[in-house]
file target-v3.pdb (PDB, C-alpha atoms, pLDDT in the B column)
ATOM      1  CA  MET A 588     -19.671  51.538 109.268  1.00 47.00           C
ATOM      2  CA  ALA A 589     -18.110  48.218 110.262  1.00 61.00           C
ATOM      3  CA  LYS A 590     -21.228  47.448 112.297  1.00 62.00           C
ATOM      4  CA  HIS A 591     -23.388  47.753 109.201  1.00 71.00           C
ATOM      5  CA  ARG A 592     -21.152  45.406 107.238  1.00 82.00           C
ATOM      6  CA  VAL A 593     -21.034  42.696 109.877  1.00 87.00           C
ATOM      7  CA  GLU A 594     -24.681  42.822 110.991  1.00 87.00           C
ATOM      8  CA  PRO A 595     -26.189  41.092 107.901  1.00 89.00           C
ATOM      9  CA  VAL A 596     -23.539  38.350 108.148  1.00 91.00           C
ATOM     10  CA  LEU A 597     -24.458  37.712 111.788  1.00 92.00           C
ATOM     11  CA  TRP A 598     -28.158  37.545 110.900  1.00 91.00           C
ATOM     12  CA  LEU A 599     -27.375  35.135 108.062  1.00 92.00           C
ATOM     13  CA  LEU A 600     -25.376  32.884 110.412  1.00 94.00           C
ATOM     14  CA  PHE A 601     -28.214  33.057 112.967  1.00 94.00           C
ATOM     15  CA  SER A 602     -30.732  32.096 110.340  1.00 93.00           C
ATOM     16  CA  ALA A 603     -28.669  29.300 108.776  1.00 95.00           C
ATOM     17  CA  GLY A 604     -27.842  27.999 112.250  1.00 96.00           C
ATOM     18  CA  GLY A 605     -31.498  28.045 113.260  1.00 96.00           C
ATOM     19  CA  LEU A 606     -32.446  25.989 110.218  1.00 96.00           C
ATOM     20  CA  VAL A 607     -29.614  23.478 110.647  1.00 97.00           C
ATOM     21  CA  ALA A 608     -30.330  23.161 114.385  1.00 97.00           C
ATOM     22  CA  ALA A 609     -34.047  22.628 113.734  1.00 97.00           C
ATOM     23  CA  LEU A 610     -33.353  19.933 111.128  1.00 97.00           C
ATOM     24  CA  MET A 611     -30.485  18.048 112.788  1.00 97.00           C
ATOM     25  CA  VAL A 612     -30.475  18.549 116.560  1.00 98.00           C
ATOM     26  CA  PRO A 613     -33.813  16.992 117.645  1.00 98.00           C
ATOM     27  CA  VAL A 614     -33.125  13.599 116.035  1.00 98.00           C
ATOM     28  CA  LEU A 615     -29.514  13.388 117.274  1.00 98.00           C
ATOM     29  CA  LEU A 616     -30.434  14.497 120.793  1.00 98.00           C
ATOM     30  CA  LEU A 617     -33.408  12.114 120.859  1.00 98.00           C
ATOM     31  CA  LEU A 618     -31.179   9.177 119.883  1.00 98.00           C
ATOM     32  CA  PHE A 619     -27.973   9.818 121.854  1.00 98.00           C
ATOM     33  CA  GLY A 620     -29.496  11.783 124.733  1.00 98.00           C
ATOM     34  CA  VAL A 621     -32.658   9.788 125.455  1.00 98.00           C
ATOM     35  CA  VAL A 622     -33.326   6.662 123.364  1.00 97.00           C
ATOM     36  CA  PHE A 623     -29.912   4.959 123.703  1.00 97.00           C
ATOM     37  CA  PRO A 624     -29.369   5.850 127.397  1.00 97.00           C
ATOM     38  CA  LEU A 625     -32.843   4.503 128.275  1.00 97.00           C
ATOM     39  CA  GLY A 626     -32.197   1.360 126.255  1.00 95.00           C
ATOM     40  CA  TRP A 627     -35.305   1.758 124.075  1.00 96.00           C
ATOM     41  CA  VAL A 628     -33.039   0.950 121.127  1.00 96.00           C
ATOM     42  CA  ALA A 629     -29.577  -0.577 121.500  1.00 95.00           C
ATOM     43  CA  ALA A 630     -26.782   1.981 121.036  1.00 96.00           C
ATOM     44  CA  PRO A 631     -24.945   1.529 117.717  1.00 96.00           C
ATOM     45  CA  ASP A 632     -21.963  -0.791 117.986  1.00 95.00           C
ATOM     46  CA  TYR A 633     -18.535   0.750 118.071  1.00 97.00           C
ATOM     47  CA  ALA A 634     -17.275  -0.471 114.688  1.00 97.00           C
ATOM     48  CA  HIS A 635     -20.268   1.018 112.853  1.00 97.00           C
ATOM     49  CA  LEU A 636     -20.287   4.377 114.656  1.00 97.00           C
ATOM     50  CA  SER A 637     -16.517   4.684 114.369  1.00 97.00           C
ATOM     51  CA  ALA A 638     -16.725   4.149 110.609  1.00 96.00           C
ATOM     52  CA  VAL A 639     -19.486   6.784 110.325  1.00 97.00           C
ATOM     53  CA  VAL A 640     -17.580   9.346 112.420  1.00 96.00           C
ATOM     54  CA  ARG A 641     -14.282   8.793 110.584  1.00 95.00           C
ATOM     55  CA  PHE A 642     -15.901   9.249 107.172  1.00 96.00           C
ATOM     56  CA  PRO A 643     -14.657  12.691 105.966  1.00 96.00           C
ATOM     57  CA  LEU A 644     -18.082  13.878 104.769  1.00 96.00           C
ATOM     58  CA  THR A 645     -19.606  13.143 108.200  1.00 96.00           C
ATOM     59  CA  ARG A 646     -16.908  15.183 109.906  1.00 97.00           C
ATOM     60  CA  LEU A 647     -17.394  18.120 107.524  1.00 97.00           C
ATOM     61  CA  ALA A 648     -21.173  17.972 107.992  1.00 97.00           C
ATOM     62  CA  LEU A 649     -20.824  17.827 111.789  1.00 97.00           C
ATOM     63  CA  LEU A 650     -18.408  20.770 111.696  1.00 98.00           C
ATOM     64  CA  GLY A 651     -20.971  22.750 109.702  1.00 98.00           C
ATOM     65  CA  VAL A 652     -23.657  21.876 112.244  1.00 98.00           C
ATOM     66  CA  CYS A 653     -21.399  22.880 115.164  1.00 98.00           C
ATOM     67  CA  VAL A 654     -20.258  26.213 113.707  1.00 98.00           C
ATOM     68  CA  LEU A 655     -23.709  27.321 112.544  1.00 98.00           C
ATOM     69  CA  ALA A 656     -25.379  26.141 115.774  1.00 98.00           C
ATOM     70  CA  LEU A 657     -22.839  28.097 117.843  1.00 98.00           C
ATOM     71  CA  PHE A 658     -23.384  31.320 115.880  1.00 97.00           C
ATOM     72  CA  HIS A 659     -27.127  30.764 116.138  1.00 97.00           C
ATOM     73  CA  TRP A 660     -26.699  30.505 119.926  1.00 97.00           C
ATOM     74  CA  ALA A 661     -24.479  33.613 120.027  1.00 97.00           C
ATOM     75  CA  HIS A 662     -26.959  35.807 118.199  1.00 95.00           C
ATOM     76  CA  ARG A 663     -30.067  34.624 120.008  1.00 95.00           C
ATOM     77  CA  PHE A 664     -28.487  34.496 123.468  1.00 95.00           C
ATOM     78  CA  LYS A 665     -27.185  38.031 122.986  1.00 94.00           C
ATOM     79  CA  TYR A 666     -30.745  39.279 122.614  1.00 91.00           C
ATOM     80  CA  THR A 667     -31.900  37.073 125.513  1.00 90.00           C
ATOM     81  CA  LEU A 668     -29.436  38.918 127.737  1.00 90.00           C
ATOM     82  CA  TYR A 669     -30.289  42.310 126.205  1.00 87.00           C
ATOM     83  CA  ASP A 670     -34.048  41.964 126.499  1.00 82.00           C
ATOM     84  CA  GLY A 671     -34.598  39.313 129.126  1.00 80.00           C
ATOM     85  CA  LEU A 672     -32.224  40.742 131.707  1.00 81.00           C
ATOM     86  CA  GLN A 673     -32.294  44.386 130.509  1.00 79.00           C
ATOM     87  CA  LEU A 674     -28.540  44.427 129.920  1.00 81.00           C
ATOM     88  CA  GLN A 675     -28.395  46.667 126.821  1.00 78.00           C
ATOM     89  CA  ARG A 676     -25.755  48.829 128.514  1.00 82.00           C
ATOM     90  CA  GLN A 677     -23.293  45.930 128.770  1.00 86.00           C
ATOM     91  CA  HIS A 678     -23.414  45.337 125.019  1.00 87.00           C
ATOM     92  CA  ALA A 679     -19.635  45.309 124.516  1.00 91.00           C
ATOM     93  CA  ALA A 680     -19.094  42.611 127.152  1.00 93.00           C
ATOM     94  CA  ILE A 681     -22.094  40.595 125.926  1.00 94.00           C
ATOM     95  CA  ASN A 682     -20.945  40.754 122.297  1.00 93.00           C
ATOM     96  CA  ALA A 683     -17.465  39.637 123.323  1.00 95.00           C
ATOM     97  CA  PHE A 684     -18.859  36.747 125.377  1.00 95.00           C
ATOM     98  CA  CYS A 685     -21.363  35.545 122.763  1.00 96.00           C
ATOM     99  CA  TYR A 686     -19.478  35.950 119.485  1.00 96.00           C
ATOM    100  CA  GLY A 687     -16.124  35.263 121.148  1.00 97.00           C
ATOM    101  CA  GLY A 688     -17.609  32.070 122.566  1.00 97.00           C
ATOM    102  CA  ALA A 689     -18.911  31.076 119.136  1.00 97.00           C
ATOM    103  CA  VAL A 690     -15.498  31.718 117.498  1.00 97.00           C
ATOM    104  CA  ILE A 691     -13.585  29.782 120.185  1.00 98.00           C
ATOM    105  CA  GLY A 692     -16.168  26.965 120.157  1.00 98.00           C
ATOM    106  CA  SER A 693     -15.924  26.757 116.355  1.00 98.00           C
ATOM    107  CA  ALA A 694     -12.122  26.590 116.534  1.00 98.00           C
ATOM    108  CA  ILE A 695     -12.322  23.756 119.101  1.00 98.00           C
ATOM    109  CA  ALA A 696     -14.898  21.937 116.957  1.00 98.00           C
ATOM    110  CA  ALA A 697     -12.686  22.337 113.865  1.00 98.00           C
ATOM    111  CA  TYR A 698      -9.641  21.009 115.718  1.00 97.00           C
ATOM    112  CA  LEU A 699     -11.548  18.009 117.114  1.00 97.00           C
ATOM    113  CA  LEU A 700     -13.420  17.099 113.945  1.00 96.00           C
ATOM    114  CA  LEU A 701     -10.696  17.737 111.375  1.00 95.00           C
ATOM    115  CA  LEU A 702      -7.459  16.949 113.233  1.00 93.00           C
ATOM    116  CA  TYR A 703      -8.219  14.877 116.297  1.00 89.00           C
ATOM    117  CA  VAL A 704     -10.700  12.318 114.955  1.00 84.00           C
TER     118      VAL A 704
ATOM    119  CA  MET B 247     -24.721  70.978 139.688  1.00 41.00           C
ATOM    120  CA  THR B 248     -26.784  73.394 137.721  1.00 44.00           C
ATOM    121  CA  GLY B 249     -29.915  72.572 135.831  1.00 47.00           C
ATOM    122  CA  ALA B 250     -28.102  73.068 132.513  1.00 49.00           C
ATOM    123  CA  THR B 251     -25.611  70.245 133.139  1.00 51.00           C
ATOM    124  CA  ASP B 252     -28.447  67.917 134.150  1.00 52.00           C
ATOM    125  CA  VAL B 253     -30.057  68.551 130.796  1.00 52.00           C
ATOM    126  CA  GLU B 254     -26.769  67.849 129.013  1.00 54.00           C
ATOM    127  CA  ARG B 255     -26.426  64.562 130.844  1.00 60.00           C
ATOM    128  CA  THR B 256     -29.885  63.366 129.870  1.00 58.00           C
ATOM    129  CA  PRO B 257     -29.515  60.562 127.334  1.00 60.00           C
ATOM    130  CA  LYS B 258     -30.691  61.515 123.870  1.00 67.00           C
ATOM    131  CA  THR B 259     -32.543  58.279 123.318  1.00 72.00           C
ATOM    132  CA  TYR B 260     -35.577  57.437 125.402  1.00 75.00           C
ATOM    133  CA  ARG B 261     -35.364  54.096 127.136  1.00 70.00           C
ATOM    134  CA  ALA B 262     -38.433  52.592 128.766  1.00 71.00           C
ATOM    135  CA  HIS B 263     -37.647  51.008 132.108  1.00 75.00           C
ATOM    136  CA  LEU B 264     -39.007  47.508 132.385  1.00 77.00           C
ATOM    137  CA  PRO B 265     -38.892  45.362 135.487  1.00 81.00           C
ATOM    138  CA  ILE B 266     -36.452  42.479 135.146  1.00 81.00           C
ATOM    139  CA  LEU B 267     -39.234  39.881 135.248  1.00 84.00           C
ATOM    140  CA  TRP B 268     -41.325  41.558 132.509  1.00 83.00           C
ATOM    141  CA  TRP B 269     -41.448  38.279 130.587  1.00 83.00           C
ATOM    142  CA  LEU B 270     -43.529  36.575 133.307  1.00 86.00           C
ATOM    143  CA  ARG B 271     -46.413  38.972 132.759  1.00 86.00           C
ATOM    144  CA  ARG B 272     -47.967  37.243 129.790  1.00 89.00           C
ATOM    145  CA  ARG B 273     -47.927  33.764 128.326  1.00 89.00           C
ATOM    146  CA  SER B 274     -46.780  35.096 124.955  1.00 90.00           C
ATOM    147  CA  TYR B 275     -43.856  36.928 126.597  1.00 89.00           C
ATOM    148  CA  LEU B 276     -42.877  33.763 128.472  1.00 89.00           C
ATOM    149  CA  LEU B 277     -43.014  31.671 125.282  1.00 91.00           C
ATOM    150  CA  PHE B 278     -40.826  34.279 123.563  1.00 90.00           C
ATOM    151  CA  VAL B 279     -38.180  33.936 126.283  1.00 89.00           C
ATOM    152  CA  VAL B 280     -38.471  30.126 126.216  1.00 91.00           C
ATOM    153  CA  ARG B 281     -37.846  30.250 122.464  1.00 93.00           C
ATOM    154  CA  GLU B 282     -34.812  32.486 122.960  1.00 92.00           C
ATOM    155  CA  LEU B 283     -33.482  30.210 125.722  1.00 94.00           C
ATOM    156  CA  SER B 284     -33.685  27.206 123.385  1.00 96.00           C
ATOM    157  CA  SER B 285     -30.407  28.537 121.959  1.00 97.00           C
ATOM    158  CA  VAL B 286     -28.656  27.601 125.223  1.00 97.00           C
ATOM    159  CA  PHE B 287     -29.673  23.988 124.676  1.00 98.00           C
ATOM    160  CA  VAL B 288     -28.551  24.145 121.041  1.00 98.00           C
ATOM    161  CA  ALA B 289     -25.123  25.176 122.385  1.00 98.00           C
ATOM    162  CA  TRP B 290     -25.265  22.355 124.955  1.00 98.00           C
ATOM    163  CA  PHE B 291     -25.928  19.924 122.114  1.00 98.00           C
ATOM    164  CA  VAL B 292     -22.718  21.041 120.374  1.00 98.00           C
ATOM    165  CA  VAL B 293     -20.769  20.226 123.558  1.00 98.00           C
ATOM    166  CA  PHE B 294     -22.534  16.860 123.904  1.00 98.00           C
ATOM    167  CA  LEU B 295     -21.907  16.006 120.240  1.00 98.00           C
ATOM    168  CA  LEU B 296     -18.199  16.858 120.474  1.00 98.00           C
ATOM    169  CA  LEU B 297     -17.849  14.707 123.612  1.00 98.00           C
ATOM    170  CA  LEU B 298     -19.444  11.821 121.707  1.00 98.00           C
ATOM    171  CA  VAL B 299     -17.172  12.282 118.693  1.00 97.00           C
ATOM    172  CA  VAL B 300     -14.036  12.499 120.860  1.00 97.00           C
ATOM    173  CA  SER B 301     -15.017   9.357 122.782  1.00 97.00           C
ATOM    174  CA  VAL B 302     -15.556   7.457 119.534  1.00 97.00           C
ATOM    175  CA  ALA B 303     -12.169   8.661 118.260  1.00 96.00           C
ATOM    176  CA  ARG B 304     -10.459   7.475 121.449  1.00 96.00           C
ATOM    177  CA  GLY B 305     -11.642   3.895 121.097  1.00 96.00           C
ATOM    178  CA  GLU B 306     -14.228   1.367 122.153  1.00 97.00           C
ATOM    179  CA  GLU B 307     -13.540   1.698 125.891  1.00 97.00           C
ATOM    180  CA  ALA B 308     -14.014   5.496 125.796  1.00 97.00           C
ATOM    181  CA  TYR B 309     -17.232   5.056 123.789  1.00 97.00           C
ATOM    182  CA  ARG B 310     -18.520   2.649 126.487  1.00 97.00           C
ATOM    183  CA  ARG B 311     -17.733   5.242 129.146  1.00 97.00           C
ATOM    184  CA  PHE B 312     -19.596   7.904 127.145  1.00 98.00           C
ATOM    185  CA  LEU B 313     -22.671   5.658 126.939  1.00 97.00           C
ATOM    186  CA  ASP B 314     -22.533   5.051 130.718  1.00 97.00           C
ATOM    187  CA  TRP B 315     -22.121   8.779 131.365  1.00 98.00           C
ATOM    188  CA  SER B 316     -25.069   9.659 129.117  1.00 97.00           C
ATOM    189  CA  ALA B 317     -27.250   7.240 131.160  1.00 97.00           C
ATOM    190  CA  ASN B 318     -26.380   9.102 134.367  1.00 97.00           C
ATOM    191  CA  PRO B 319     -29.711  10.486 135.736  1.00 97.00           C
ATOM    192  CA  VAL B 320     -28.475  14.104 135.769  1.00 98.00           C
ATOM    193  CA  VAL B 321     -27.161  13.965 132.194  1.00 98.00           C
ATOM    194  CA  LEU B 322     -30.319  12.163 131.079  1.00 98.00           C
ATOM    195  CA  ALA B 323     -32.515  14.806 132.747  1.00 98.00           C
ATOM    196  CA  VAL B 324     -30.533  17.628 131.103  1.00 98.00           C
ATOM    197  CA  ASN B 325     -30.913  15.943 127.720  1.00 98.00           C
ATOM    198  CA  ILE B 326     -34.679  15.399 128.142  1.00 98.00           C
ATOM    199  CA  VAL B 327     -35.126  19.099 128.979  1.00 98.00           C
ATOM    200  CA  ALA B 328     -32.794  20.022 126.098  1.00 98.00           C
ATOM    201  CA  LEU B 329     -34.831  17.851 123.724  1.00 98.00           C
ATOM    202  CA  LEU B 330     -38.061  19.644 124.697  1.00 98.00           C
ATOM    203  CA  PHE B 331     -36.408  23.016 124.066  1.00 97.00           C
ATOM    204  CA  VAL B 332     -34.905  22.074 120.686  1.00 98.00           C
ATOM    205  CA  VAL B 333     -38.188  20.543 119.510  1.00 98.00           C
ATOM    206  CA  TYR B 334     -39.907  23.797 120.518  1.00 97.00           C
ATOM    207  CA  HIS B 335     -37.222  25.671 118.568  1.00 97.00           C
ATOM    208  CA  ALA B 336     -37.830  23.477 115.496  1.00 97.00           C
ATOM    209  CA  LEU B 337     -41.635  23.858 115.648  1.00 96.00           C
ATOM    210  CA  THR B 338     -41.487  27.638 116.019  1.00 95.00           C
ATOM    211  CA  TRP B 339     -38.756  27.927 113.366  1.00 96.00           C
ATOM    212  CA  PHE B 340     -40.700  25.991 110.725  1.00 95.00           C
ATOM    213  CA  ASN B 341     -43.951  27.752 111.580  1.00 93.00           C
ATOM    214  CA  LEU B 342     -42.254  31.109 111.036  1.00 91.00           C
ATOM    215  CA  ALA B 343     -40.595  30.018 107.794  1.00 89.00           C
ATOM    216  CA  PRO B 344     -43.522  31.143 105.556  1.00 88.00           C
ATOM    217  CA  LYS B 345     -43.296  34.641 107.089  1.00 87.00           C
ATOM    218  CA  ALA B 346     -39.529  34.821 106.577  1.00 85.00           C
ATOM    219  CA  MET B 347     -39.488  33.310 103.064  1.00 82.00           C
ATOM    220  CA  ILE B 348     -41.661  34.971 100.460  1.00 84.00           C
ATOM    221  CA  LEU B 349     -41.275  32.670  97.463  1.00 85.00           C
ATOM    222  CA  ASN B 350     -42.577  33.515  94.043  1.00 88.00           C
ATOM    223  CA  VAL B 351     -42.851  31.035  91.213  1.00 88.00           C
ATOM    224  CA  ARG B 352     -43.737  32.475  87.791  1.00 89.00           C
ATOM    225  CA  GLY B 353     -44.876  35.695  89.400  1.00 89.00           C
ATOM    226  CA  ARG B 354     -47.271  34.054  91.838  1.00 91.00           C
ATOM    227  CA  ARG B 355     -46.617  33.729  95.535  1.00 89.00           C
ATOM    228  CA  VAL B 356     -46.146  30.199  96.834  1.00 89.00           C
ATOM    229  CA  PRO B 357     -48.940  29.680  99.430  1.00 90.00           C
ATOM    230  CA  PRO B 358     -47.527  30.127 102.979  1.00 89.00           C
ATOM    231  CA  PRO B 359     -48.895  26.761 104.250  1.00 90.00           C
ATOM    232  CA  LEU B 360     -46.967  25.026 101.454  1.00 92.00           C
ATOM    233  CA  VAL B 361     -43.702  26.665 102.589  1.00 91.00           C
ATOM    234  CA  ALA B 362     -44.318  25.460 106.170  1.00 92.00           C
ATOM    235  CA  PHE B 363     -45.335  22.000 104.938  1.00 93.00           C
ATOM    236  CA  ALA B 364     -42.127  21.712 102.878  1.00 94.00           C
ATOM    237  CA  HIS B 365     -40.050  22.566 105.947  1.00 95.00           C
ATOM    238  CA  PHE B 366     -41.806  20.003 108.140  1.00 96.00           C
ATOM    239  CA  GLY B 367     -41.369  17.450 105.347  1.00 97.00           C
ATOM    240  CA  ALA B 368     -37.661  18.220 105.131  1.00 96.00           C
ATOM    241  CA  TRP B 369     -37.423  17.823 108.928  1.00 97.00           C
ATOM    242  CA  LEU B 370     -39.022  14.372 108.706  1.00 97.00           C
ATOM    243  CA  VAL B 371     -36.771  13.239 105.840  1.00 98.00           C
ATOM    244  CA  VAL B 372     -33.572  14.521 107.492  1.00 97.00           C
ATOM    245  CA  SER B 373     -34.528  12.875 110.797  1.00 98.00           C
ATOM    246  CA  ILE B 374     -35.170   9.514 109.142  1.00 98.00           C
ATOM    247  CA  VAL B 375     -31.922   9.658 107.126  1.00 97.00           C
ATOM    248  CA  VAL B 376     -29.851  10.643 110.192  1.00 97.00           C
ATOM    249  CA  ALA B 377     -31.444   7.894 112.332  1.00 97.00           C
ATOM    250  CA  TRP B 378     -30.814   5.394 109.540  1.00 97.00           C
ATOM    251  CA  ILE B 379     -27.135   6.377 109.286  1.00 96.00           C
ATOM    252  CA  VAL B 380     -26.657   6.280 113.071  1.00 96.00           C
ATOM    253  CA  VAL B 381     -28.445   3.017 113.796  1.00 93.00           C
ATOM    254  CA  GLY B 382     -27.186   1.432 110.594  1.00 82.00           C
TER     255      GLY B 382
END
call {"tool": "encode", "arguments": {"input": "target-v3.pdb", "output": "structure tokens"}}
result
Amino acid sequence: MAKHRVEPVLWLLFSAGGLVAALMVPVLLLLFGVVFPLGWVAAPDYAHLSAVVRFPLTRLALLGVCVLALFHWAHRFKYTLYDGLQLQRQHAAINAFCYGGAVIGSAIAAYLLLLYV
Amino acid sequence: MTGATDVERTPKTYRAHLPILWWLRRRSYLLFVVRELSSVFVAWFVVFLLLLVVSVARGEEAYRRFLDWSANPVVLAVNIVALLFVVYHALTWFNLAPKAMILNVRGRRVPPPLVAFAHFGAWLVVSIVVAWIVVG
């Protein structure tokens, strides 16, 4: 019975994470992963970026992105392992790795974004 | 072992046995697996983002080091590949949105192309706003 209660929640997190990742990740990865390193546009100066990152709403928004993106990864990667590598029999270990990873990753993200910054 | 015990041991559910590289057989299968694997790069982005945030929190010198590290050819190559995967994720996600969201307004179904168009529009607006906040 517990499985049936948790399954819709996991699908909802997958879906919300997929939307958030689709909206937010390409632009941020384009800027910080490609455009700034290649020098096409100068990287933002420290004072500006520091002010943006320290703004509480930014940190909450980034935490939301991190948590949802991680649960999106967990759900999708689980099925990649199930179907892609034919590992349906190892479902307990795969569930522990994927959702456990998402929970631990979310806790680290929460610590860094809410307490460390 | 008798025949009876063999029957008892037979799993009740039928499971088709596929070769491990089944997804290389057709282009559509390969694209399906590519789409699923995009999630790995979404997870990588979370790690990359947290490293950026921590470096900014540590001070200007740490931020400099992060910028130098992100220009390292290996990191740059990983991020270019990751960008291709997450853009593919975004395109497939928004294209599927009309199939996942059946919207009705005053009893009439919102045309599927409009649902997709709204998502692509939202993507454009969010990207511009984020870039504007970051670059300042």
call {"tool": "closest_atom_pairs", "arguments": {"input": "target-v3.pdb", "of": "region 591-628 of chain A", "to": "region 294-314 of chain B", "cutoff": "10 Å", "atoms": "all atoms listed in the file", "output": "tab-separated table"}}
result
residue	atom	partner	partner_atom	distance
A:Val612	CA	B:Leu295	CA	9.7
A:Leu615	CA	B:Leu295	CA	8.6
A:Leu616	CA	B:Leu295	CA	8.7
A:Phe619	CA	B:Leu313	CA	8.4
A:Gly620	CA	B:Phe294	CA	8.7
A:Phe623	CA	B:Leu313	CA	8.0
A:Pro624	CA	B:Leu313	CA	6.7
call {"tool": "write_last_selection", "arguments": {"input": "target-v3.pdb", "atoms": "C-alpha atoms", "output": "PDB file, in the coordinates of the input"}}
result
ATOM      1  CA  VAL A 612     -30.475  18.549 116.560  1.00 98.00           C
ATOM      2  CA  LEU A 615     -29.514  13.388 117.274  1.00 98.00           C
ATOM      3  CA  LEU A 616     -30.434  14.497 120.793  1.00 98.00           C
ATOM      4  CA  PHE A 619     -27.973   9.818 121.854  1.00 98.00           C
ATOM      5  CA  GLY A 620     -29.496  11.783 124.733  1.00 98.00           C
ATOM      6  CA  PHE A 623     -29.912   4.959 123.703  1.00 97.00           C
ATOM      7  CA  PRO A 624     -29.369   5.850 127.397  1.00 97.00           C
TER       8      PRO A 624
END
call {"tool": "closest_residue", "arguments": {"input": "target-v3.pdb", "among": "B:Ile348, B:Ala362, B:Ala336, B:Leu342", "to": "chain A", "atoms": "only C-alpha atoms"}}
result
B:Ala336
call {"tool": "interface_residues", "arguments": {"input": "target-v3.pdb", "of": "chain A", "to": "chain B", "cutoff": "8 Å", "atoms": "all atoms listed in the file", "output": "ChimeraX atom specification"}}
result
/A:605-606,608-621,623-625,630-631,633,635-637,639-641,653,656-657,659-660,663-664,666-667,671-673,696,699-700,703-704
call {"tool": "atom_distance", "arguments": {"input": "target-v3.pdb", "atom1": "CA of Pro344 (chain B)", "atom2": "CA of Val654 (chain A)"}}
result
25.1 Å
call {"tool": "residues_near_point", "arguments": {"input": "target-v3.pdb", "point": "(-25.8, 40.7, 119.3)", "cutoff": "9 Å", "atoms": "all atoms listed in the file", "output": "VMD selection string"}}
result
chain A and resid 594 597 661 to 666 669 678 681 to 682 685 to 686
call {"tool": "atom_distance", "arguments": {"input": "target-v3.pdb", "atom1": "CA of Gln675 (chain A)", "atom2": "CA of Ala262 (chain B)"}}
result
11.8 Å
call {"tool": "axis_aligned_box", "arguments": {"input": "target-v3.pdb", "around": "region 647-658 of chain A", "padding_each_side": "3 Å", "output": "lines of an AutoDock Vina configuration file"}}
result
center_x = -21.4
center_y = 24.6
center_z = 112.7
size_x = 14.0
size_y = 19.5
size_z = 16.3
call {"tool": "atom_distance", "arguments": {"input": "target-v3.pdb", "atom1": "CA of Leu650 (chain A)", "atom2": "CA of Gly604 (chain A)"}}
result
11.9 Å
call {"tool": "closest_residue", "arguments": {"input": "target-v3.pdb", "among": "A:Ala680, A:Val596, A:Ala634, A:Leu655", "to": "Gly692 (chain A)", "atoms": "all atoms listed in the file"}}
result
A:Leu655
call {"tool": "build_atoms", "arguments": {"input": "target-v3.pdb", "residues": "region 351-363 of chain B", "atoms": "N, CA and C atoms", "output": "mmCIF file, in the frame of the given file"}}
result
data_model
loop_
_atom_site.group_PDB
_atom_site.id
_atom_site.type_symbol
_atom_site.label_atom_id
_atom_site.label_comp_id
_atom_site.auth_asym_id
_atom_site.auth_seq_id
_atom_site.Cartn_x
_atom_site.Cartn_y
_atom_site.Cartn_z
ATOM 1 N N VAL B 351 -43.121 31.893 92.354
ATOM 2 C CA VAL B 351 -42.851 31.035 91.213
ATOM 3 C C VAL B 351 -43.713 31.539 90.063
ATOM 4 N N ARG B 352 -43.063 31.912 88.971
ATOM 5 C CA ARG B 352 -43.737 32.475 87.791
ATOM 6 C C ARG B 352 -44.659 33.623 88.186
ATOM 7 N N GLY B 353 -44.133 34.494 89.040
ATOM 8 C CA GLY B 353 -44.876 35.695 89.400
ATOM 9 C C GLY B 353 -45.995 35.502 90.402
ATOM 10 N N ARG B 354 -46.210 34.271 90.848
ATOM 11 C CA ARG B 354 -47.271 34.054 91.838
ATOM 12 C C ARG B 354 -46.642 33.585 93.141
ATOM 13 N N ARG B 355 -47.180 34.076 94.239
ATOM 14 C CA ARG B 355 -46.617 33.729 95.535
ATOM 15 C C ARG B 355 -46.962 32.286 95.897
ATOM 16 N N VAL B 356 -45.916 31.562 96.347
ATOM 17 C CA VAL B 356 -46.146 30.199 96.834
ATOM 18 C C VAL B 356 -46.965 30.309 98.117
ATOM 19 N N PRO B 357 -48.083 29.566 98.236
ATOM 20 C CA PRO B 357 -48.940 29.680 99.430
ATOM 21 C C PRO B 357 -48.154 29.413 100.715
ATOM 22 N N PRO B 358 -48.286 30.287 101.728
ATOM 23 C CA PRO B 358 -47.527 30.127 102.979
ATOM 24 C C PRO B 358 -47.635 28.730 103.605
ATOM 25 N N PRO B 359 -48.840 28.098 103.630
ATOM 26 C CA PRO B 359 -48.895 26.761 104.250
ATOM 27 C C PRO B 359 -47.993 25.756 103.537
ATOM 28 N N LEU B 360 -47.820 25.941 102.216
ATOM 29 C CA LEU B 360 -46.967 25.026 101.454
ATOM 30 C C LEU B 360 -45.508 25.168 101.873
ATOM 31 N N VAL B 361 -45.090 26.416 102.151
ATOM 32 C CA VAL B 361 -43.702 26.665 102.589
ATOM 33 C C VAL B 361 -43.471 25.971 103.936
ATOM 34 N N ALA B 362 -44.442 26.115 104.852
ATOM 35 C CA ALA B 362 -44.318 25.460 106.170
ATOM 36 C C ALA B 362 -44.319 23.946 105.996
ATOM 37 N N PHE B 363 -45.214 23.443 105.167
ATOM 38 C CA PHE B 363 -45.335 22.000 104.938
ATOM 39 C C PHE B 363 -44.022 21.433 104.386
#
